[in-house]
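Undergrad: Got a structure here, written out as structure tokens. Questions coming.
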2 protein chains.
Amino acid sequence: MDSFSTETLADPVALTRALVDIESVSGDEQRITDTVERALRSAPHLSVQRDGNVLCARTELGRERRVVLAGHLDTVPIADNLPSRVDGDVMHGCGTSDMKSGDALALHLAVTLPAPRHDVTYLFYDCEEVEAERNGLSRISRTRPDWLAADFAILLEGTYGEVEAGCQGTMRARLTATGVRAHSARSWLGSNAIHAAGEALDRLRGYQPRTVVIDGCEYREGLNAVRIAGGIAGNIVPDECVVEVNFRFAPDRTEADAHAHVREVFAGLPLKVEITDSAPGALPGLSEPAAADFLAAIGTRPRGKFGWTDVARFASIGVPALNYGPGDPNVAHARDERVEIPLIRSGAEALRRWLA
Amino acid sequence: MDSFSTETLADPVALTRALVDIESVSGDEQRITDTVERALRSAPHLSVQRDGNVLCARTELGRERRVVLAGHLDTVPIADNLPSRVDGDVMHGCGTSDMKSGDALALHLAVTLPAPRHDVTYLFYDCEEVEAERNGLSRISRTRPDWLAADFAILLEGTYGEVEAGCQGTMRARLTATGVRAHSARSWLGSNAIHAAGEALDRLRGYQPRTVVIDGCEYREGLNAVRIAGGIAGNIVPDECVVEVNFRFAPDRTEADAHAHVREVFAGLPLKVEITDSAPGALPGLSEPAAADFLAAIGTRPRGKFGWTDVARFASIGVPALNYGPGDPNVAHARDERVEIPLIRSGAEALRRWLA
């Protein structure tokens with residue numbers, strides 16, 4: 001049974017490393033959730049609840065305002081990048097940036113800050129890196145919306161220590177090219193679905209993504225094939241090839257606009273286009289008083305968030321939310337994912353300054 | 001334990017159907033081989049040997065000449081086309097054409113023709129529909145070459161009742177496009193390997209295959225993607241995409257020529273090209289006396305064989321070989337694979353006329 005020592009919980013850098021070294025690819029978060037739960041239950045000032053692999057720990061101090069600090073505990077698949085290693089001021093490993101350094105700030109503050117100036121809800125959840133319908137925070141927002149209720153929320157997704165406002169939307173579509181199966185020795189009797197799918201890839205290579213500025217924050221879109229699969233056997237002209245595309249869209253588009261845009265990109269090709277997954281973006285919302293209050297305490301100028309994050313879930317239930325975390329979003333999901341240790345320390349200090 | 005009744009063995013149509021209804025996708029030939037072995041061992045005039053899932057049954061009559069009748073017992077994967085069904089003069093189902101109707105002719109003659117005018121070797125083998133290195137006849141040609149020794153061989157691959165001379169060669173290559181992995185929300189930091197692979201698909205769509213005439217037989221080449229795979233997760237720009245291509249080449253090209261040609265087709269693209277599998281073609285060889293003897297007995301004019309067949313294995317050890325079988329090569333490996341029942345009957349009669 002894993003558990004974090006008092007010394008580890010007192011040091012957000014050591015705690016980041018300990019969290020990273022517990023593998024927790026989406027769908028496999030039982031062990032890390034158990035370990036975080038034990039740490040939270042060790043703090044007598046917290047009221048702790050669990051639902052599946054979602055944890056909610058609250059102070060109940062009767063403060064005027066309640067804020068949320070939230071983070072997902074899952075990671076993308078390991079890419080030969082565990083266990084973690086430290087090289088000078090840099091910690092390397094899967095999840096260092098996205099987002100166990102952020103989780104470490106929340107868990108560290110949860111157990112070491114018994115009397116914050118606002119009541120705090122600490123939320124840890126599962127399955128953020130996969131289809132939206134599996135997302136633990138999304139599930140809880142439907143089944144236990146009281147866990148998310150607050151005046152303001154901070155999602156500790158990696159922002160490289162900056163404050164990032166709003167987020168882009170994301171959607172996936174499945175493009176299916178069909179053909180006619182035949183023996184590859186008589187390929188003129190068939191029609192090759194993989195060859196046909198190449199036309200969709202041509203559109204993707206030629207695609208010119210938009211960049212949009214909203215409330216002074218820049219959002220940059222992108223449309224990518226994230227999976228392709230086709231083929232039956234080494235001597236058969238295949239009759240089906242499926243390309244999965246992911247469109248990241250600025251928050252000035254609705255989901256419906258985004259769906260229509262993707263259909264437009266592939267218009268005229270002999271493909272079936274099905275929307276399989278979708279989550280809206282969130283507008284920056286910088287005029288909300290609670291957001292302004294946090295910005296003043298932290299003292300940095302906000303910018304736009306490219307990645308889709310669960311700030312959109314808070315935005316959709318009327319809770320203003322920002323992204324703020326030590327991770328580097330530019331290396332999230334990369335083989336050489338890493339986090340700069342001084343940003344973990346300064347992040348912990350900034351949040352403590354705001355809440356203490 | 002399956003076995004064929006005497007009535008089934010006496011009727012090549014019923015025997016085709018019985019063979020088709022024993023599923024035998026490559027790698028899963030144990031059951032069909034057991035059943036064919038039992039039938040061969042029931043014939044006292046045959047000397048039967050088995051090695052893995054390869055069967056060799058011989059008459060030992062001391063004739064001046066020995067001929068081989070050979071067929072593979074495996075099929076491509078089932079495509080909702082089993083069990084067989086008969087609709088008028090047509091039998092439908094996986095393996096009807098490729099090549100259980102041919103196997104049925106060999107097995108029917110083996111058990112019902114105790115004193116053929118040439119000594120006959122009946123060969124049944126496994127794993128023809130997969131990589132050349134797994135091919136049962138290829139293995140036996142190395143470990144027990146005496147099983148293949150003969151003056152002339154007939155491979156009962158489907159030719160729609162025609163005599164098809166020689167065969168085309170086949171080779172496979174793996175094309176690997178590489179990129180840089182990144183989070184799909186910041187795709188400009190990565191490089192999409194699936195998009196890059198699209199350039200290879202463009203070359204395939206634009207490819208103009210050759211048609212060649214040799215000894216009056218036409219050979220028609222083809223180059224096809226038979227598999228494609230890429231992608232890590234729904235939110236990652238993938239750093240690898242693999243396309244497997246199959247080149248079917250006329251027998252005037254050597255394997256080395258074919259390899260060089262495929263490399264040339266993809267020259268200049270940022271792809272790694274690896275040759276993974278290759279088998280040479282076989283020239284028609286129609287001037288061999290043994291081939292001419294068979295042609296005279298059957299009385300049809302030969303044409304070129306598009307599909308790669310194991311005639312190339314016989315050709316490589318100096319045994320002239322032809323393709324002749326009732327299956328329709330144009331529907332081999334297709335979902336609606338089928339065989340015309342009158343061609344099974346006329347094939348059995350023609351072979352009996354030649355051998356009796």
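Ordered as shown in the structure tokens, chains take letters A, B, and onward, while each chain numbers its residues from 1 and ligands are numbered from 1 in the order shown.
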Hey, what's within 7 Å of Ala332 of chain A if we count only C-alpha atoms and toss same-chain stuff fewer than 2 positions away? As a list of chain:residue names, please?
TA: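 In the requested form, the answer reads A:Ser97, A:Asp98, A:Asp328, A:Pro329, A:Asn330, A:Ala334, A:Glu337, B:His183.
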Undergrad: Could those selected residues go to a file with all heavy atoms, as an mmCIF file, in the first residue's frame?
TA:
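Result file out_39.cif:
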data_model
loop_
_atom_site.group_PDB
_atom_site.id
_atom_site.type_symbol
_atom_site.label_atom_id
_atom_site.label_comp_id
_atom_site.auth_asym_id
_atom_site.auth_seq_id
_atom_site.Cartn_x
_atom_site.Cartn_y
_atom_site.Cartn_z
ATOM 1 N N SER A 97 4.324 17.471 -16.471
ATOM 2 C CA SER A 97 3.678 18.733 -16.835
ATOM 3 C C SER A 97 2.164 18.612 -16.814
ATOM 4 O O SER A 97 1.476 19.549 -16.420
ATOM 5 C CB SER A 97 4.113 19.154 -18.250
ATOM 6 O OG SER A 97 5.088 20.161 -18.175
ATOM 7 N N ASP A 98 1.680 17.476 -17.264
ATOM 8 C CA ASP A 98 0.234 17.298 -17.498
ATOM 9 C C ASP A 98 -0.267 16.101 -16.717
ATOM 10 O O ASP A 98 -0.341 15.018 -17.246
ATOM 11 C CB ASP A 98 -0.002 17.155 -18.999
ATOM 12 C CG ASP A 98 -1.475 17.095 -19.362
ATOM 13 O OD1 ASP A 98 -2.327 17.366 -18.496
ATOM 14 O OD2 ASP A 98 -1.772 16.756 -20.514
ATOM 15 N N ASP A 328 4.570 22.725 -18.304
ATOM 16 C CA ASP A 328 4.813 23.398 -19.585
ATOM 17 C C ASP A 328 3.878 22.776 -20.618
ATOM 18 O O ASP A 328 4.056 21.630 -21.010
ATOM 19 C CB ASP A 328 6.275 23.188 -19.990
ATOM 20 C CG ASP A 328 6.600 23.827 -21.325
ATOM 21 O OD1 ASP A 328 5.674 24.334 -21.998
ATOM 22 O OD2 ASP A 328 7.790 23.816 -21.698
ATOM 23 N N PRO A 329 2.868 23.519 -21.078
ATOM 24 C CA PRO A 329 1.901 22.918 -22.005
ATOM 25 C C PRO A 329 2.540 22.508 -23.325
ATOM 26 O O PRO A 329 2.014 21.651 -24.021
ATOM 27 C CB PRO A 329 0.866 24.029 -22.217
ATOM 28 C CG PRO A 329 1.551 25.293 -21.831
ATOM 29 C CD PRO A 329 2.553 24.916 -20.775
ATOM 30 N N ASN A 330 3.693 23.080 -23.652
ATOM 31 C CA ASN A 330 4.329 22.742 -24.930
ATOM 32 C C ASN A 330 4.950 21.352 -24.944
ATOM 33 O O ASN A 330 5.296 20.848 -26.005
ATOM 34 C CB ASN A 330 5.405 23.774 -25.282
ATOM 35 C CG ASN A 330 4.781 25.112 -25.613
ATOM 36 O OD1 ASN A 330 3.620 25.175 -26.006
ATOM 37 N ND2 ASN A 330 5.533 26.177 -25.428
ATOM 38 N N ALA A 334 4.313 14.839 -24.867
ATOM 39 C CA ALA A 334 5.515 14.557 -25.661
ATOM 40 C C ALA A 334 6.338 13.488 -24.948
ATOM 41 O O ALA A 334 6.223 13.279 -23.747
ATOM 42 C CB ALA A 334 6.348 15.828 -25.845
ATOM 43 N N GLU A 337 8.367 14.845 -22.047
ATOM 44 C CA GLU A 337 7.588 15.653 -21.101
ATOM 45 C C GLU A 337 8.426 15.936 -19.854
ATOM 46 O O GLU A 337 9.127 15.063 -19.337
ATOM 47 C CB GLU A 337 6.300 14.905 -20.724
ATOM 48 C CG GLU A 337 5.413 15.730 -19.798
ATOM 49 C CD GLU A 337 4.059 15.090 -19.509
ATOM 50 O OE1 GLU A 337 3.713 14.085 -20.142
ATOM 51 O OE2 GLU A 337 3.361 15.622 -18.615
ATOM 52 N N HIS B 183 1.002 17.380 -28.213
ATOM 53 C CA HIS B 183 -0.403 17.483 -27.847
ATOM 54 C C HIS B 183 -1.144 18.084 -29.037
ATOM 55 O O HIS B 183 -0.672 19.036 -29.643
ATOM 56 C CB HIS B 183 -0.526 18.385 -26.616
ATOM 57 C CG HIS B 183 -1.865 18.303 -25.952
ATOM 58 N ND1 HIS B 183 -3.031 18.638 -26.592
ATOM 59 C CD2 HIS B 183 -2.222 17.912 -24.705
ATOM 60 C CE1 HIS B 183 -4.056 18.456 -25.762
ATOM 61 N NE2 HIS B 183 -3.581 18.012 -24.607
#
Undergrad: Enumerate as a PDB file with N, CA and C atoms, in the first residue's frame the residues belonging to chain A that approach chain B to within 6 Å, with only C-alpha atoms taken into account.
TA:
ATOM      1  N   ARG A 181     -13.450  -4.718 -51.905  1.00  0.00           N
ATOM      2  CA  ARG A 181     -12.423  -5.683 -51.555  1.00  0.00           C
ATOM      3  C   ARG A 181     -12.094  -6.569 -52.761  1.00  0.00           C
ATOM      4  N   ALA A 182     -10.826  -6.881 -52.937  1.00  0.00           N
ATOM      5  CA  ALA A 182     -10.418  -7.782 -54.022  1.00  0.00           C
ATOM      6  C   ALA A 182      -9.059  -8.373 -53.670  1.00  0.00           C
ATOM      7  N   HIS A 183      -8.691  -9.433 -54.364  1.00  0.00           N
ATOM      8  CA  HIS A 183      -7.347  -9.993 -54.218  1.00  0.00           C
ATOM      9  C   HIS A 183      -6.363  -8.972 -54.790  1.00  0.00           C
ATOM     10  N   ALA A 185      -3.688  -9.363 -56.258  1.00  0.00           N
ATOM     11  CA  ALA A 185      -3.123  -9.754 -57.554  1.00  0.00           C
ATOM     12  C   ALA A 185      -4.024  -9.314 -58.702  1.00  0.00           C
ATOM     13  N   HIS A 195      -6.095   4.015 -50.357  1.00  0.00           N
ATOM     14  CA  HIS A 195      -5.716   5.030 -51.338  1.00  0.00           C
ATOM     15  C   HIS A 195      -6.717   6.194 -51.298  1.00  0.00           C
ATOM     16  N   GLY A 198      -6.321   8.781 -48.694  1.00  0.00           N
ATOM     17  CA  GLY A 198      -5.228   9.729 -48.943  1.00  0.00           C
ATOM     18  C   GLY A 198      -5.727  11.119 -49.314  1.00  0.00           C
ATOM     19  N   LEU A 201      -6.167  13.021 -46.238  1.00  0.00           N
ATOM     20  CA  LEU A 201      -4.875  13.446 -45.678  1.00  0.00           C
ATOM     21  C   LEU A 201      -4.322  14.645 -46.458  1.00  0.00           C
ATOM     22  N   ARG A 205      -3.115  18.107 -44.855  1.00  0.00           N
ATOM     23  CA  ARG A 205      -1.797  18.736 -45.082  1.00  0.00           C
ATOM     24  C   ARG A 205      -1.947  20.168 -45.575  1.00  0.00           C
ATOM     25  N   VAL A 226      -5.477  11.950 -35.825  1.00  0.00           N
ATOM     26  CA  VAL A 226      -4.865  11.372 -34.627  1.00  0.00           C
ATOM     27  C   VAL A 226      -4.791   9.847 -34.689  1.00  0.00           C
ATOM     28  N   ARG A 227      -5.522   9.261 -35.622  1.00  0.00           N
ATOM     29  CA  ARG A 227      -5.438   7.806 -35.818  1.00  0.00           C
ATOM     30  C   ARG A 227      -5.818   7.472 -37.245  1.00  0.00           C
ATOM     31  N   ILE A 228      -5.231   6.402 -37.759  1.00  0.00           N
ATOM     32  CA  ILE A 228      -5.670   5.878 -39.053  1.00  0.00           C
ATOM     33  C   ILE A 228      -5.552   4.364 -38.989  1.00  0.00           C
ATOM     34  N   ALA A 229      -6.504   3.680 -39.587  1.00  0.00           N
ATOM     35  CA  ALA A 229      -6.449   2.220 -39.598  1.00  0.00           C
ATOM     36  C   ALA A 229      -7.185   1.700 -40.818  1.00  0.00           C
ATOM     37  N   GLY A 230      -6.562   0.747 -41.499  1.00  0.00           N
ATOM     38  CA  GLY A 230      -7.206   0.103 -42.633  1.00  0.00           C
ATOM     39  C   GLY A 230      -6.428  -1.133 -43.009  1.00  0.00           C
ATOM     40  N   GLY A 231      -7.108  -2.083 -43.655  1.00  0.00           N
ATOM     41  CA  GLY A 231      -6.413  -3.272 -44.130  1.00  0.00           C
ATOM     42  C   GLY A 231      -6.931  -4.533 -43.496  1.00  0.00           C
ATOM     43  N   GLY A 234      -2.393  -9.125 -45.989  1.00  0.00           N
ATOM     44  CA  GLY A 234      -1.319  -8.646 -46.846  1.00  0.00           C
ATOM     45  C   GLY A 234      -1.555  -8.847 -48.332  1.00  0.00           C
ATOM     46  N   VAL A 237      -6.929  -6.053 -51.312  1.00  0.00           N
ATOM     47  CA  VAL A 237      -7.236  -4.637 -51.490  1.00  0.00           C
ATOM     48  C   VAL A 237      -8.346  -4.312 -50.499  1.00  0.00           C
ATOM     49  N   ARG A 248      -9.257  21.320 -32.791  1.00  0.00           N
ATOM     50  CA  ARG A 248      -9.190  22.205 -31.627  1.00  0.00           C
ATOM     51  C   ARG A 248      -9.632  23.576 -32.096  1.00  0.00           C
ATOM     52  N   PHE A 306      -4.745  27.272 -25.144  1.00  0.00           N
ATOM     53  CA  PHE A 306      -4.957  26.504 -26.375  1.00  0.00           C
ATOM     54  C   PHE A 306      -5.644  25.172 -26.101  1.00  0.00           C
ATOM     55  N   GLY A 307      -5.139  24.472 -25.105  1.00  0.00           N
ATOM     56  CA  GLY A 307      -5.655  23.126 -24.853  1.00  0.00           C
ATOM     57  C   GLY A 307      -7.066  23.196 -24.301  1.00  0.00           C
ATOM     58  N   HIS A 333       2.233  15.549 -23.253  1.00  0.00           N
ATOM     59  CA  HIS A 333       2.006  14.432 -24.184  1.00  0.00           C
ATOM     60  C   HIS A 333       3.224  14.130 -25.051  1.00  0.00           C
ATOM     61  N   ALA A 334       4.313  14.839 -24.867  1.00  0.00           N
ATOM     62  CA  ALA A 334       5.515  14.557 -25.661  1.00  0.00           C
ATOM     63  C   ALA A 334       6.338  13.488 -24.948  1.00  0.00           C
TER      64      ALA A 334
END
Undergrad: Just the number, please: distance in Å from atom CA of Gly285 of chain B to atom CA of Gly318 of chain B, one decimal.
TA: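 It comes out at 10.5 Å.
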Undergrad: Please identify all polymer residues within 8 Å of Ile32 of chain A, counting only C-alpha atoms, omitting same-chain residues fewer than 2 positions from it, and present them as a count of residues only.
TA: 10
Undergrad: Report as a list in words all protein, DNA and RNA residues lying within 7 Å of segment 78-90 of chain B, evaluated on only C-alpha atoms, omitting residues in the same chain fewer than 5 positions from it.
TA: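 Everything that qualifies: Arg17, Val20, Asp21, Arg335, Arg338, Val339, Glu340, Ile341 and Pro342 of chain B.
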Undergrad: With distances taken over only C-alpha atoms, which residue among B:Ala110, B:Ala132, B:Val212, B:Ala10 lies nearest Leu283 of chain B?
TA: B:Val212
Undergrad: Quick check, in Å to one decimal: how far apart do atom CA of His108 of chain A and atom CA of Leu15 of chain A lie?
TA: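 So the two atoms, atom CA of His108 of chain A and atom CA of Leu15 of chain A, lie 7.6 Å apart.
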Undergrad: Just to confirm, what's the straight-line distance from atom CA of Ser138 of chain A to atom CA of Leu113 of chain A in Å (one decimal)?
TA: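 Computing the Euclidean distance for atom CA of Ser138 of chain A and atom CA of Leu113 of chain A yields 27.5 Å.
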Undergrad: Would you please work out which residue, of B:Asp310, B:Glu255, B:Glu349, B:Asp28, is nearest to Ile298 of chain B when using only C-alpha atoms?
TA: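 Of B:Asp310, B:Glu255, B:Glu349, B:Asp28, the one nearest Ile298 of chain B is B:Glu349, counting only C-alpha atoms.
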